[in-house]
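Trainee: For reference, the structure I am asking about is given below.
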6 protein chains.
Amino acid sequence: MFYHDKRTQYKVCVEKPNPAFARMLQQAIGGIEGEMRVCLQYLFQAWNSRGPAKYRDMLLDTGTEEISHIEMLATAVALNLEGAPLSVQESAIKQDGVVGAVLGGMNPRSFLSAGLGAMAFDAEGVPFSGAYVVGSGNIVADMYTNVAAESTGRALATRLWEITDDPGMKDMLGFMIARDTMHQQQWLAVIEELGGYNALPIPNSFPQSKENQEFSYSFISPNIDGTGTPSGRWTEGPSLDGKGEFRVLKAEPYGDEPKLGPPVPEGHAQKEQMTMTDTIIGNIKDTLS
Amino acid sequence: MFYHDKRTQYKVCVEKPNPAFARMLQQAIGGIEGEMRVCLQYLFQAWNSRGPAKYRDMLLDTGTEEISHIEMLATAVALNLEGAPLSVQESAIKQDGVVGAVLGGMNPRSFLSAGLGAMAFDAEGVPFSGAYVVGSGNIVADMYTNVAAESTGRALATRLWEITDDPGMKDMLGFMIARDTMHQQQWLAVIEELGGYNALPIPNSFPQSKENQEFSYSFISPNIDGTGTPSGRWTEGPSLDGKGEFRVLKAEPYGDEPKLGPPVPEGHAQKEQMTMTDTIIGNIKDTLS
Amino acid sequence: MFYHDKRTQYKVCVEKPNPAFARMLQQAIGGIEGEMRVCLQYLFQAWNSRGPAKYRDMLLDTGTEEISHIEMLATAVALNLEGAPLSVQESAIKQDGVVGAVLGGMNPRSFLSAGLGAMAFDAEGVPFSGAYVVGSGNIVADMYTNVAAESTGRALATRLWEITDDPGMKDMLGFMIARDTMHQQQWLAVIEELGGYNALPIPNSFPQSKENQEFSYSFISPNIDGTGTPSGRWTEGPSLDGKGEFRVLKAEPYGDEPKLGPPVPEGHAQKEQMTMTDTIIGNIKDTLS
Amino acid sequence: MFYHDKRTQYKVCVEKPNPAFARMLQQAIGGIEGEMRVCLQYLFQAWNSRGPAKYRDMLLDTGTEEISHIEMLATAVALNLEGAPLSVQESAIKQDGVVGAVLGGMNPRSFLSAGLGAMAFDAEGVPFSGAYVVGSGNIVADMYTNVAAESTGRALATRLWEITDDPGMKDMLGFMIARDTMHQQQWLAVIEELGGYNALPIPNSFPQSKENQEFSYSFISPNIDGTGTPSGRWTEGPSLDGKGEFRVLKAEPYGDEPKLGPPVPEGHAQKEQMTMTDTIIGNIKDTLS
Amino acid sequence: MFYHDKRTQYKVCVEKPNPAFARMLQQAIGGIEGEMRVCLQYLFQAWNSRGPAKYRDMLLDTGTEEISHIEMLATAVALNLEGAPLSVQESAIKQDGVVGAVLGGMNPRSFLSAGLGAMAFDAEGVPFSGAYVVGSGNIVADMYTNVAAESTGRALATRLWEITDDPGMKDMLGFMIARDTMHQQQWLAVIEELGGYNALPIPNSFPQSKENQEFSYSFISPNIDGTGTPSGRWTEGPSLDGKGEFRVLKAEPYGDEPKLGPPVPEGHAQKEQMTMTDTIIGNIKDTLS
Amino acid sequence: MFYHDKRTQYKVCVEKPNPAFARMLQQAIGGIEGEMRVCLQYLFQAWNSRGPAKYRDMLLDTGTEEISHIEMLATAVALNLEGAPLSVQESAIKQDGVVGAVLGGMNPRSFLSAGLGAMAFDAEGVPFSGAYVVGSGNIVADMYTNVAAESTGRALATRLWEITDDPGMKDMLGFMIARDTMHQQQWLAVIEELGGYNALPIPNSFPQSKENQEFSYSFISPNIDGTGTPSGRWTEGPSLDGKGEFRVLKAEPYGDEPKLGPPVPEGHAQKEQMTMTDTIIGNIKDTLS
C-alpha cells in the first residue's frame, strides 16, 4: 500500500512562468516516454511479478518513486501557466519584448478544461493511454522495455532542458535526468544478473529446437536496388548469444500465392465475388471492349 | 520505394480453421507487440535516420521484411475464419465434439465488419495506434526500443505457438519466432558497435556535468515497511558504464510543499477559492459545529 | 512525494480462481468508473489545487489511498488468472462440470500480452485513457465529478460482488464498497462546507447578470407528440438555489437559418459550390426532367 | 433546432432476448459503419455546408432521421439484454438446451457499466470515435464518403439479419436495410446532379494543369514476380472522365536516395550520429574484426 | 423519433471572425465537458431508462435540446473560420495590428480536413470519444454524472465568454451559460425527489450490511509527514446520510504481501523466473561478487 | 512479400524548410484521409480478397505504391523540420522578417519525441488509428470506400499545395495529386466493371424481397418548419438502379413508445427504480408540494 508526504521529492521552482514550456512539460507527464507510463509500468510489472521476489520489490520501489516525479512535473506545469495571457486577442501581443502565440502557446485545454493546471495528456493534448503500459510477464523482455522507456525518457528530458533557460526548471530537469541515468543502469543490471547476452533469445524458456533455426541468425535483405548490404556486427561472425553464426540472405518467397475460399453467403459479398460465371465475365469483357 | 511479389515470405497453411485462434493471431497483427508496430517503427526510424547511412539501410531492410510478416498473419487470420459458425444460436453448438463460444470465439467484427477477414486491430478488437510507433532520433534509444518490441513480440509468438495444435500454424510461427531471435540480435549488435555499456547513459551527447550527479547512480527506496532493500547488481559496486558507484538511498523529500498562486478571475473557480475571507471560514466552522 | 509498504491495504484472497471474473475486475482497474481514474483524478486535482490548502491535503490523502486500491485489484486479477485453460482447444472443455469459454472467458491479452497478469485496460480490453481524468480548477465542479465517479464506481463494485461467489473476492469487494460509501460522503461534505445549494450555479464566480436570465430556470421541452411534460421538482416552484422560479417552455427557435459564406478558393470545394450559375442549375434541371 | 416524439420511427420488438445479439447490434450503434457515425456525419456536413442550400437541407433531413435509427438500435440492445445470465458461474450453464458464453456472450460493460443497457461503443466494446465523422467541405468527396458509409452499413445490417432468427429483429433490420438502400441512392443522385463522372477528378476546382499529368491516368505496378498485370477497365481505353487514356507503367524510382542533415545538438542524438570520425569508425571496425 | 427546424435555437452571430476562437469553441463541441457528450449521455440514459417513465421523458427532452446546442456551436465555428489566413507564410503576418499564429491559430484540420468547418473533436484536435458517455442504469449515479458534466461545461462556457470580446459570441454564450444553470438545477432536483442525502449511499439497493461497515464513514489518511489531518465536515460529526459517524483513521495495511504462483510454462517467462535453483542463484551471487 | 529500393518514387526537395508546413504534411501521413490509411486499407483488402483474383492483384499493386508515398511524405517532413527554432524563447522571434509561432509552428512532439522527424500521427498530433482501415469483404462497398479516401485525400493534397510556396513541395504534391486522380478512376472503374448502378443496392447478394420495400426508394423528411422539401434527383423519377421510383414521405412514427422491463436486482439501480410504490410516490409528491 502507499503513503505520501506533502513535500516534493526535489525542488520545483519556476522563475519566469512560460505557458509554452508548460505545454512541452506535458510530454513528460502524459507522453509515451513520460512519467505516467513508467510509473504505471513498473507498478503493474511488480503487481504481476512471478519469480524471485527481489525484482518485485525493486519494481515497487522505483514505481513509487515515479509517482513523485509526476507530482513534480504537474507542479511545474501549474507554475508555468501562471500569468498566461487569457484572451484570444491579447494572447498574440508582445510580452517582455517577445511575441507569443495564442494563449501564450499553451495547450488550450490547460486553461479551458483545467483552469491553468496540469492534465493527463501529452504535449499535443493527446490523452495518456493505458496501452503504453507494458508488462509481459517475461522479466528480461520487461527490463528491455524499461530501458527503452528510460532512454527515450532521458532524451526527452535533455530536450526539455535545452529549450528552457529558466534556472529552476533546468535544476529540476537536472535531477530527473540523473534519475533516468540510474534507472537505465538498474534495469540493465537485472539483465546482467540474469545472464546478459546469455539470456537471449527472449524468452529463453522456449526450446530453440522448435523454431526454424535456418533463419535464426540470418539477416534478410529485401533490397533490390543493387547497392548491396552494408556489413555490420550482424552480418557475419558469431551471434551475440554464441549460439549461431550471422549471415546475409537475399529475400525470397518461400510461400505460395495465398488462395482464400469463396465468400460465405451470410457475409453478403457482391454476387460477382461468389460466382464469377461466364455470363458475368462476358459482361465485364463487353464493358472493356 | 517498394515492390511486391504475390507469393508470401513463408508458407501459410491452416489444416483446421479455428476462429478463436484467428482472434489470438490478431494480437500479432495490430497489438503493441505486433508486426504493424515493428514494421512502421523500423520504416519511420529509417526515414528519419540521421547519422551513418548503414543503419538507415538496415532499418529499411528489416522494416520491409516486416510488411511480409503482416501479410502472412493476415492470410492466416482469413484462413482460420473459414467455416466459422455464423449465427448467435448455432455458434454455441458443439463442433467436433467441443463446445464453442459465440461466433466460434472470433472477434465479432471479423465477420460483421470484414466478412471473415483480418483487421487492423488486436485480439481485443482495439484498433492499432500510431502511438506505438517510436522513433526518437537517438539511435541507441531506438535500438533498445526495438529490442523491447522483438522481446515482447517473441514472447507473444511463443504463446500463440502453445495454444494451437495446428501443424501449419506451428510451422509458420516457428519461422516467425526464428526471425524474432535474429532481430533481437540485430538491434543489440548495433548497440554493441556503438559502444555497448559505454553508450550509456543514453543520450550520451548530453554532458553529465549538467545532471545532478549526486543521484546518477543511487538506488532510491521509498519502502517504509522496515523489511529493507534486497541487494542486487544495482545496489553496490561499480556502475555498468564504469562512471560511478552504486549505492542505496532511503527516499526523502528534498523539496517543499508546493504553493500555487490563487486562481485567475477568468478561470472562474468558486469564489471561495479566490478569497477565503474570515466570514466564509466562519460559515464553514458553523457548518462543522 | 510517495512511499509504499509491501503489504496490501486489505486482504486479497481468491479461493477458486476464475479467469472470467478476472476479466470483470479489469473494469474496476482501467474503466472510466475504475480506480486508475479516481486515483489520478484526485492526485491531479490536488497538484493543481488553488485556494484553501485543506482541500489539497484531503485530495492527496484519498488519491494516495486509491493507488492501494489499484494494487489490490491488480493482485486479484493475477490470482484469478491462475489455472486458466491455455489452449484454444482445451479452453472450451468442461471444467468442474461447467463449460468455459475461450481461454476461460478471460481477456485474451491477459495471457498473450501479460502472461496471466493485470493490465491497464477495462473489461473490454480498451486501454485506460487520460481523458477520463477530470480536474477543472473549480472545486465544486470537481467535487461533483468525484461524487459521480464514486457513485458509478460503487455501482460497479456491487455488480462485481453479485456475479462472484468467491468468499475472498466478496470480502475484498465489501471493503471497497465501504470505501466508496465514505468517498461519496466526503466529496459531498466539501460541497456542504462551501454552501451546498448556495454554491450553485457552478461556477459561482461568474456574475449571473451576464447570462441570459430569461432561460436560467426554465425547463425547455422539444417534445411534439402532444403528451405534455410530466411535472417534477424542476417544472414549478422555487429553484434549488433560491434565485429563481422554475417554469416550462415549449421549445421554439429564437435564431435564424444559418448562412455561411461561399467556400474559399484554397479549400477546393467543387466548382458548383462556389458559383451555382444558371447554366449549372439548368444542367441540374435537365437531369431532373 | 431539434424536436422529438416519444414513439420510435419503426417497431422494435424482441421475441426472445439474446445478449450475444445485443453485442452484435452494438456494431450498428457505435461502429465506424454504424448509425452514430452517419448521423453525426450528415449533421456536421449540413452545419458546415457552403454552396447550394438544397444540399444542406437534405443533409439535415437525413441526419435527423439517423438519430431515430440510433434510438431504435439502442432500444433493441436494451431489450435483448433482458434475462441475461448474471453470474460468471451461471453464465456458462445450458439455457434452452444451448450452451452460452460468459454473461450470455454480451459485452461485459453492458452489464457492469450500464446495468443492461446500450452504450456508445461497437461490438468489441471500443468507444465510438469522432474521427469517423468525415466532412471535407467538398460536396462530391462527402457524397462518396456517405455512399461508402451506407454501403458498409448495409453490409453490416444484412449480416446482423443473417445471424438472428428473432422475427422482431429481422423485421426492424428489414426496415433499416431498406433505408440504407435509399440512402445509397440519395448520395449518388447528388453526384449525378453535379455531373457524375464529369465531377472527376475531385476536387474539380483544382486546375489539372498544376498536377503532374504524366501520371494522372497511369496504373503503376510495383509487382516484380513476373506474372504481369491483369487487364481491367483501368489499364487501357479512355478514362472515365474522358480526359485521358489509361495505360500501365512498371514502377520505378524517379527520386534519389534521401539525405537528411546531421542531428541538431539540442536533439541529443548519440554522439556517433553527429560526428562519425575515423576513430569511431575504427572502433567499430575493431568490434567487427 | 426526431424532427428538426432549419432555424437555430438561439441567435448565432459573429461580428469579427477569429480562427483562434473557433479552435477554443471546439472544446465545447467535442470535449469531455462539451455538448456532444451531454447530448448523447442524456439520450442514451433515456433509451436505457428503467423505472418511472417521467425521468425517461425528461432525459429525452433535454437530450434533444442539446443537439440544438451542438448545431449552434458548429455554426459558430464555421463563421469564426471565415477569412482565416490560408498560407503557412501569410498566417504569421500582422492582422488588424495583431500578430497571428500559424493559420490564425486555428486547428489545422479545420482547414485541411474540413475546408473551414466544425469537426467532431476538441480544442486540441482530439476526436470525441464515446467513452465519455456515461449511463450507469442507476438514476442517482447518472444524475450526479450529469451535474458534473453541466458544472464543468458551465465552467468551460464562462472561460470561453472571457477570452472573446465578440458581442455576438458573448450573447450566444450567455444563452448557453443560462441553460447550464438550469440543467444543473434539473438533475439535482431529480436527486431531491429521490431523497437527497437519503439516497446515499448510491446505489441504495445494495444492503449496507454486506459492506465492511467498519470503514464506511472513516476518513483514511496515508500522510506520513507528521503535519496531521485538517479537520473538515468529513472528519467528525454525523455522516450526511445520518447512518454513521465520521472519524479519522491513519492508513495501515490490513493485508499481507501478495504471493503469486510461479509462471505457467505456456507463458514463457524466463527460465530463471520458473525455477530459481541454487545454481542460478549461485551464478547471480558470482555476478555480484 | 515485399522489397524496396533506397530511392524514392518521386523527387522530394525542400528549398526553404518550414516547420509549420511539416506539421501540415503530417495530416497526409497519419490522418484519416492520409497515406498510411490508404496503404493499409488496400493491403488488407487484398489480403482478405475473396472472388476474382484480378482485384486482389490490383489492390496489392496500389497498396504497395502507397508505402512509397508515406516514405516521400516522411522524408518531406524531416526536411521541413531542419533549421527549426529550438527554444521556447527564441521560437517567437522574427525569422526572415516573419514572426513564427512556438517551435516554428511545428508539432511539439516532432522535436521532443522524434528529434526532428516524421511521426505516425496527423496534423493535430493525434496518432494514426487502425480503425480508419476499412475492408468489408464486399468489393463494391470497398471500392466506394476507396474512392471516398482518394477524394478527401486529393482535397487535402490540393490544400497543402495552396498553403506552401516552396517549389519542391509543390512539385512533389503535383505528383501525388495526379496519383490521386488515377486512383479515383481506378476504383470507380472496378465498380463500372461490376455493373455500375446495377451493382446497387450494395450488397447486391441480399434479396431485396427481405427488406421493407415500402421504404426502399422514399426520401423521408423530418423537417417540421413548414418550408417544404427541396426537389432533387432523389425526390422523384426512377431510382438510379432502375428498380424503384423515388418519392417523398413526411417523417412519422411507425413504432410505439418503448417499454423496458424493470431493473434486475443484480444491477443495483436505486430502489425507487425497482418498485415505485405508493409510499414513495407520496413522498415525492410531498417534496413537490
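In the C-alpha cells, the first chain shown is A, the next is B, and so on; residue numbers restart at 1 for each chain, and ligands run from 1 in the order shown.
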Please provide as a ChimeraX atom specification all residues within 8 Å of E:Phe2, with the sequence filter that same-chain residues fewer than 6 positions apart are discarded (counting only C-alpha atoms).
Mentor: /D:2-5,64-65,67-68 /F:222
Trainee: Select residues of chain B: the criterion is any atom within 9 Å of an atom of chain F, counting only C-alpha atoms; output as an mmCIF file with N, CA and C atoms, in the first residue's frame.
Mentor:
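Written out: iface-v9.cif:
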data_model
loop_
_atom_site.group_PDB
_atom_site.id
_atom_site.type_symbol
_atom_site.label_atom_id
_atom_site.label_comp_id
_atom_site.auth_asym_id
_atom_site.auth_seq_id
_atom_site.Cartn_x
_atom_site.Cartn_y
_atom_site.Cartn_z
ATOM 1 N N MET B 1 11.631 3.306 -52.452
ATOM 2 C CA MET B 1 10.295 2.901 -52.837
ATOM 3 C C MET B 1 10.142 1.399 -52.714
ATOM 4 N N PHE B 2 8.931 0.865 -52.950
ATOM 5 C CA PHE B 2 8.629 -0.500 -52.559
ATOM 6 C C PHE B 2 8.024 -1.310 -53.711
ATOM 7 N N TYR B 3 8.293 -2.606 -53.664
ATOM 8 C CA TYR B 3 7.797 -3.550 -54.656
ATOM 9 C C TYR B 3 7.196 -4.756 -53.949
ATOM 10 N N HIS B 4 6.492 -5.607 -54.717
ATOM 11 C CA HIS B 4 5.983 -6.822 -54.089
ATOM 12 C C HIS B 4 5.971 -7.981 -55.074
ATOM 13 N N ASP B 5 5.852 -9.143 -54.470
ATOM 14 C CA ASP B 5 5.720 -10.420 -55.174
ATOM 15 C C ASP B 5 4.447 -11.034 -54.597
ATOM 16 N N LYS B 6 3.647 -11.683 -55.422
ATOM 17 C CA LYS B 6 2.369 -12.155 -54.906
ATOM 18 C C LYS B 6 2.494 -13.332 -53.941
ATOM 19 N N ARG B 7 3.653 -13.973 -53.947
ATOM 20 C CA ARG B 7 3.852 -15.079 -53.021
ATOM 21 C C ARG B 7 4.198 -14.551 -51.620
ATOM 22 N N THR B 8 4.003 -15.362 -50.627
ATOM 23 C CA THR B 8 4.316 -14.945 -49.257
ATOM 24 C C THR B 8 5.753 -15.326 -48.893
ATOM 25 N N GLN B 9 6.268 -14.650 -47.859
ATOM 26 C CA GLN B 9 7.654 -14.914 -47.488
ATOM 27 C C GLN B 9 7.850 -16.343 -47.012
ATOM 28 N N TYR B 10 6.820 -16.889 -46.357
ATOM 29 C CA TYR B 10 6.909 -18.256 -45.840
ATOM 30 C C TYR B 10 5.530 -18.890 -45.992
ATOM 31 N N GLY B 30 -2.131 -6.349 -34.905
ATOM 32 C CA GLY B 30 -2.409 -4.971 -34.504
ATOM 33 C C GLY B 30 -2.078 -4.625 -33.075
ATOM 34 N N LEU B 40 6.168 -0.393 -39.018
ATOM 35 C CA LEU B 40 6.143 1.064 -39.132
ATOM 36 C C LEU B 40 7.266 1.682 -38.304
ATOM 37 N N GLN B 41 7.585 1.073 -37.179
ATOM 38 C CA GLN B 41 8.650 1.630 -36.333
ATOM 39 C C GLN B 41 9.991 1.629 -37.065
ATOM 40 N N LEU B 43 10.477 1.428 -40.317
ATOM 41 C CA LEU B 43 10.430 2.289 -41.501
ATOM 42 C C LEU B 43 10.527 3.771 -41.103
ATOM 43 N N PHE B 44 9.774 4.194 -40.103
ATOM 44 C CA PHE B 44 9.874 5.597 -39.685
ATOM 45 C C PHE B 44 11.284 5.907 -39.159
ATOM 46 N N GLN B 45 11.866 4.976 -38.404
ATOM 47 C CA GLN B 45 13.240 5.217 -37.934
ATOM 48 C C GLN B 45 14.202 5.374 -39.114
ATOM 49 N N TRP B 47 13.359 6.396 -42.216
ATOM 50 C CA TRP B 47 13.075 7.632 -42.949
ATOM 51 C C TRP B 47 13.575 8.865 -42.194
ATOM 52 N N ASN B 48 13.631 8.789 -40.864
ATOM 53 C CA ASN B 48 14.108 9.917 -40.051
ATOM 54 C C ASN B 48 15.589 9.796 -39.714
ATOM 55 N N SER B 49 16.254 8.793 -40.264
ATOM 56 C CA SER B 49 17.601 8.468 -39.814
ATOM 57 C C SER B 49 18.603 9.579 -40.132
ATOM 58 N N ASP B 57 19.982 1.950 -43.876
ATOM 59 C CA ASP B 57 19.792 0.842 -44.817
ATOM 60 C C ASP B 57 19.252 -0.396 -44.104
ATOM 61 N N LEU B 60 15.614 -0.001 -43.148
ATOM 62 C CA LEU B 60 14.753 -0.148 -44.326
ATOM 63 C C LEU B 60 14.559 -1.619 -44.675
ATOM 64 N N ASP B 61 15.670 -2.366 -44.643
ATOM 65 C CA ASP B 61 15.586 -3.793 -44.974
ATOM 66 C C ASP B 61 14.621 -4.515 -44.039
ATOM 67 N N THR B 64 10.984 -3.480 -44.246
ATOM 68 C CA THR B 64 10.346 -4.081 -45.429
ATOM 69 C C THR B 64 10.003 -5.550 -45.174
ATOM 70 N N GLU B 65 10.907 -6.262 -44.512
ATOM 71 C CA GLU B 65 10.600 -7.666 -44.193
ATOM 72 C C GLU B 65 9.321 -7.771 -43.355
ATOM 73 N N GLU B 66 9.157 -6.829 -42.466
ATOM 74 C CA GLU B 66 8.011 -6.917 -41.549
ATOM 75 C C GLU B 66 6.673 -6.738 -42.282
ATOM 76 N N ILE B 67 6.665 -6.010 -43.406
ATOM 77 C CA ILE B 67 5.402 -5.939 -44.170
ATOM 78 C C ILE B 67 4.999 -7.349 -44.581
ATOM 79 N N SER B 68 5.990 -8.127 -44.969
ATOM 80 C CA SER B 68 5.712 -9.511 -45.378
ATOM 81 C C SER B 68 5.178 -10.342 -44.219
ATOM 82 N N HIS B 69 5.577 -9.990 -43.008
ATOM 83 C CA HIS B 69 5.056 -10.721 -41.844
ATOM 84 C C HIS B 69 3.595 -10.364 -41.592
ATOM 85 N N GLU B 71 1.525 -9.588 -43.804
ATOM 86 C CA GLU B 71 0.798 -10.304 -44.863
ATOM 87 C C GLU B 71 0.550 -11.768 -44.498
ATOM 88 N N MET B 72 1.575 -12.408 -43.957
ATOM 89 C CA MET B 72 1.417 -13.816 -43.576
ATOM 90 C C MET B 72 0.357 -13.964 -42.489
ATOM 91 N N ALA B 74 -2.104 -11.874 -41.714
ATOM 92 C CA ALA B 74 -3.446 -11.535 -42.201
ATOM 93 C C ALA B 74 -4.028 -12.713 -42.975
ATOM 94 N N THR B 75 -3.181 -13.345 -43.777
ATOM 95 C CA THR B 75 -3.630 -14.529 -44.514
ATOM 96 C C THR B 75 -4.028 -15.640 -43.557
ATOM 97 N N VAL B 77 -5.128 -15.321 -40.548
ATOM 98 C CA VAL B 77 -6.401 -14.972 -39.913
ATOM 99 C C VAL B 77 -7.561 -15.315 -40.838
ATOM 100 N N ALA B 78 -7.467 -14.894 -42.086
ATOM 101 C CA ALA B 78 -8.554 -15.149 -43.036
ATOM 102 C C ALA B 78 -8.801 -16.655 -43.181
ATOM 103 N N PHE B 111 -16.275 -10.840 -38.605
ATOM 104 C CA PHE B 111 -17.370 -11.168 -39.507
ATOM 105 C C PHE B 111 -18.196 -9.921 -39.846
ATOM 106 N N LEU B 112 -18.651 -9.212 -38.821
ATOM 107 C CA LEU B 112 -19.604 -8.116 -39.047
ATOM 108 C C LEU B 112 -19.024 -7.022 -39.932
ATOM 109 N N SER B 113 -17.767 -6.678 -39.705
ATOM 110 C CA SER B 113 -17.171 -5.564 -40.443
ATOM 111 C C SER B 113 -16.298 -6.010 -41.592
ATOM 112 N N ALA B 114 -15.762 -7.223 -41.529
ATOM 113 C CA ALA B 114 -14.800 -7.637 -42.546
ATOM 114 C C ALA B 114 -15.248 -8.854 -43.352
ATOM 115 N N GLY B 115 -16.387 -9.427 -43.019
ATOM 116 C CA GLY B 115 -16.835 -10.577 -43.800
ATOM 117 C C GLY B 115 -15.877 -11.746 -43.740
ATOM 118 N N LEU B 116 -15.327 -12.014 -42.576
ATOM 119 C CA LEU B 116 -14.349 -13.092 -42.348
ATOM 120 C C LEU B 116 -12.967 -12.742 -42.888
ATOM 121 N N GLY B 117 -12.452 -11.630 -42.436
ATOM 122 C CA GLY B 117 -11.101 -11.226 -42.838
ATOM 123 C C GLY B 117 -10.336 -10.627 -41.684
ATOM 124 N N ALA B 118 -9.047 -10.394 -41.902
ATOM 125 C CA ALA B 118 -8.183 -9.786 -40.892
ATOM 126 C C ALA B 118 -8.453 -8.289 -40.800
ATOM 127 N N MET B 119 -8.218 -7.730 -39.632
ATOM 128 C CA MET B 119 -8.417 -6.303 -39.460
ATOM 129 C C MET B 119 -7.208 -5.685 -38.745
ATOM 130 N N ALA B 120 -7.175 -4.350 -38.761
ATOM 131 C CA ALA B 120 -6.028 -3.652 -38.180
ATOM 132 C C ALA B 120 -6.241 -3.402 -36.690
ATOM 133 N N PHE B 121 -6.572 -4.462 -35.967
ATOM 134 C CA PHE B 121 -6.745 -4.319 -34.528
ATOM 135 C C PHE B 121 -6.100 -5.492 -33.797
ATOM 136 N N VAL B 126 -9.213 -3.819 -30.275
ATOM 137 C CA VAL B 126 -8.778 -2.424 -30.124
ATOM 138 C C VAL B 126 -7.906 -2.054 -31.320
ATOM 139 N N PRO B 127 -8.258 -0.973 -32.029
ATOM 140 C CA PRO B 127 -7.511 -0.617 -33.232
ATOM 141 C C PRO B 127 -6.034 -0.342 -32.959
ATOM 142 N N PHE B 128 -5.217 -0.715 -33.915
ATOM 143 C CA PHE B 128 -3.797 -0.340 -33.894
ATOM 144 C C PHE B 128 -3.674 1.161 -33.730
ATOM 145 N N SER B 129 -2.673 1.592 -32.972
ATOM 146 C CA SER B 129 -2.465 3.026 -32.767
ATOM 147 C C SER B 129 -1.080 3.449 -33.217
ATOM 148 N N GLY B 130 -1.022 4.552 -33.947
ATOM 149 C CA GLY B 130 0.258 5.115 -34.353
ATOM 150 C C GLY B 130 1.112 5.525 -33.171
ATOM 151 N N ALA B 131 0.503 5.627 -31.986
ATOM 152 C CA ALA B 131 1.273 5.976 -30.790
ATOM 153 C C ALA B 131 2.290 4.912 -30.429
ATOM 154 N N TYR B 132 2.069 3.686 -30.894
ATOM 155 C CA TYR B 132 3.004 2.608 -30.579
ATOM 156 C C TYR B 132 4.336 2.780 -31.308
ATOM 157 N N VAL B 133 4.324 3.565 -32.372
ATOM 158 C CA VAL B 133 5.477 3.665 -33.269
ATOM 159 C C VAL B 133 6.482 4.677 -32.711
ATOM 160 N N VAL B 134 7.577 4.182 -32.181
ATOM 161 C CA VAL B 134 8.552 5.041 -31.523
ATOM 162 C C VAL B 134 9.799 5.186 -32.382
ATOM 163 N N GLY B 135 10.198 6.399 -32.603
ATOM 164 C CA GLY B 135 11.473 6.684 -33.281
ATOM 165 C C GLY B 135 11.975 7.986 -32.708
ATOM 166 N N SER B 136 12.985 7.914 -31.849
ATOM 167 C CA SER B 136 13.341 9.073 -31.019
ATOM 168 C C SER B 136 14.357 9.992 -31.662
ATOM 169 N N GLY B 137 14.996 9.512 -32.720
ATOM 170 C CA GLY B 137 16.090 10.290 -33.272
ATOM 171 C C GLY B 137 17.419 9.979 -32.601
ATOM 172 N N ASN B 138 17.375 9.257 -31.480
ATOM 173 C CA ASN B 138 18.619 8.792 -30.842
ATOM 174 C C ASN B 138 18.746 7.304 -31.139
#
Trainee: Can you pull out every residue within 9 Å of D:Phe21, counting only C-alpha atoms, but drop anything in the same chain fewer than 4 positions away, and send it as an MDAnalysis selection string?
Mentor: (chainID B and resid 88) or (chainID D and resid 17 25:26 77 80:81 105:106 160 163:164)
Trainee: What gap, in Å, lies between atom CA of F:Ile220 and atom CA of F:Val248?
Mentor: 6.0 Å
Trainee: For C:Ser218, please output as JSON, numbers by chain all residues within 7 Å (counting only C-alpha atoms; exclusion window: fewer than 4 positions along the same chain).
Mentor: {"C": [246, 247, 248, 249], "E": [182]}
Trainee: Save out the residues we just selected, C-alpha atoms, as a CSV table (one decimal), in the first residue's frame.
Mentor:
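So the final result, stored in out-v8.csv, reads:
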chain,number,residue,atom,x,y,z
C,246,PHE,CA,-39.0,27.0,-12.3
C,247,ARG,CA,-41.3,27.1,-15.3
C,248,VAL,CA,-41.8,25.1,-18.5
C,249,LEU,CA,-41.2,26.4,-22.0
E,182,MET,CA,-31.0,25.3,-15.4
Trainee: Could you pull out the helix (DSSP H, G or I) residues of stretch 34-65 of chain F from DSSP and send them as number ranges by chain?
Mentor: F: 35-47, 53-65
Trainee: For E:Glu150, find every residue with an atom within 7 Å (counting only C-alpha atoms), except residues of its own chain fewer than 5 positions away, and show them as a list of chain:residue names.
Mentor: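 That gives E:Asp180, E:His183, E:Gln184.
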Trainee: Can you tell me how far atom CA of E:Ile202 sits from atom CA of C:Glu192, in Å to one decimal?
Mentor: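 Here the two named atoms are 17.7 Å from each other.
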Trainee: Out of stretch 42-264 of chain A, which residues get strand (DSSP E or B) from DSSP, as a list in words?
Mentor: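 Reading the DSSP output for stretch 42-264 of chain A, strand (DSSP E or B) covers Lys94, Gln95, Val98, Val99, Phe121, Pro127, Ser129, Ser218, Phe219, Ile220, Ser221, Asn223, Pro238, Glu245, Arg247, Val248, Leu249 and Lys250 of chain A.
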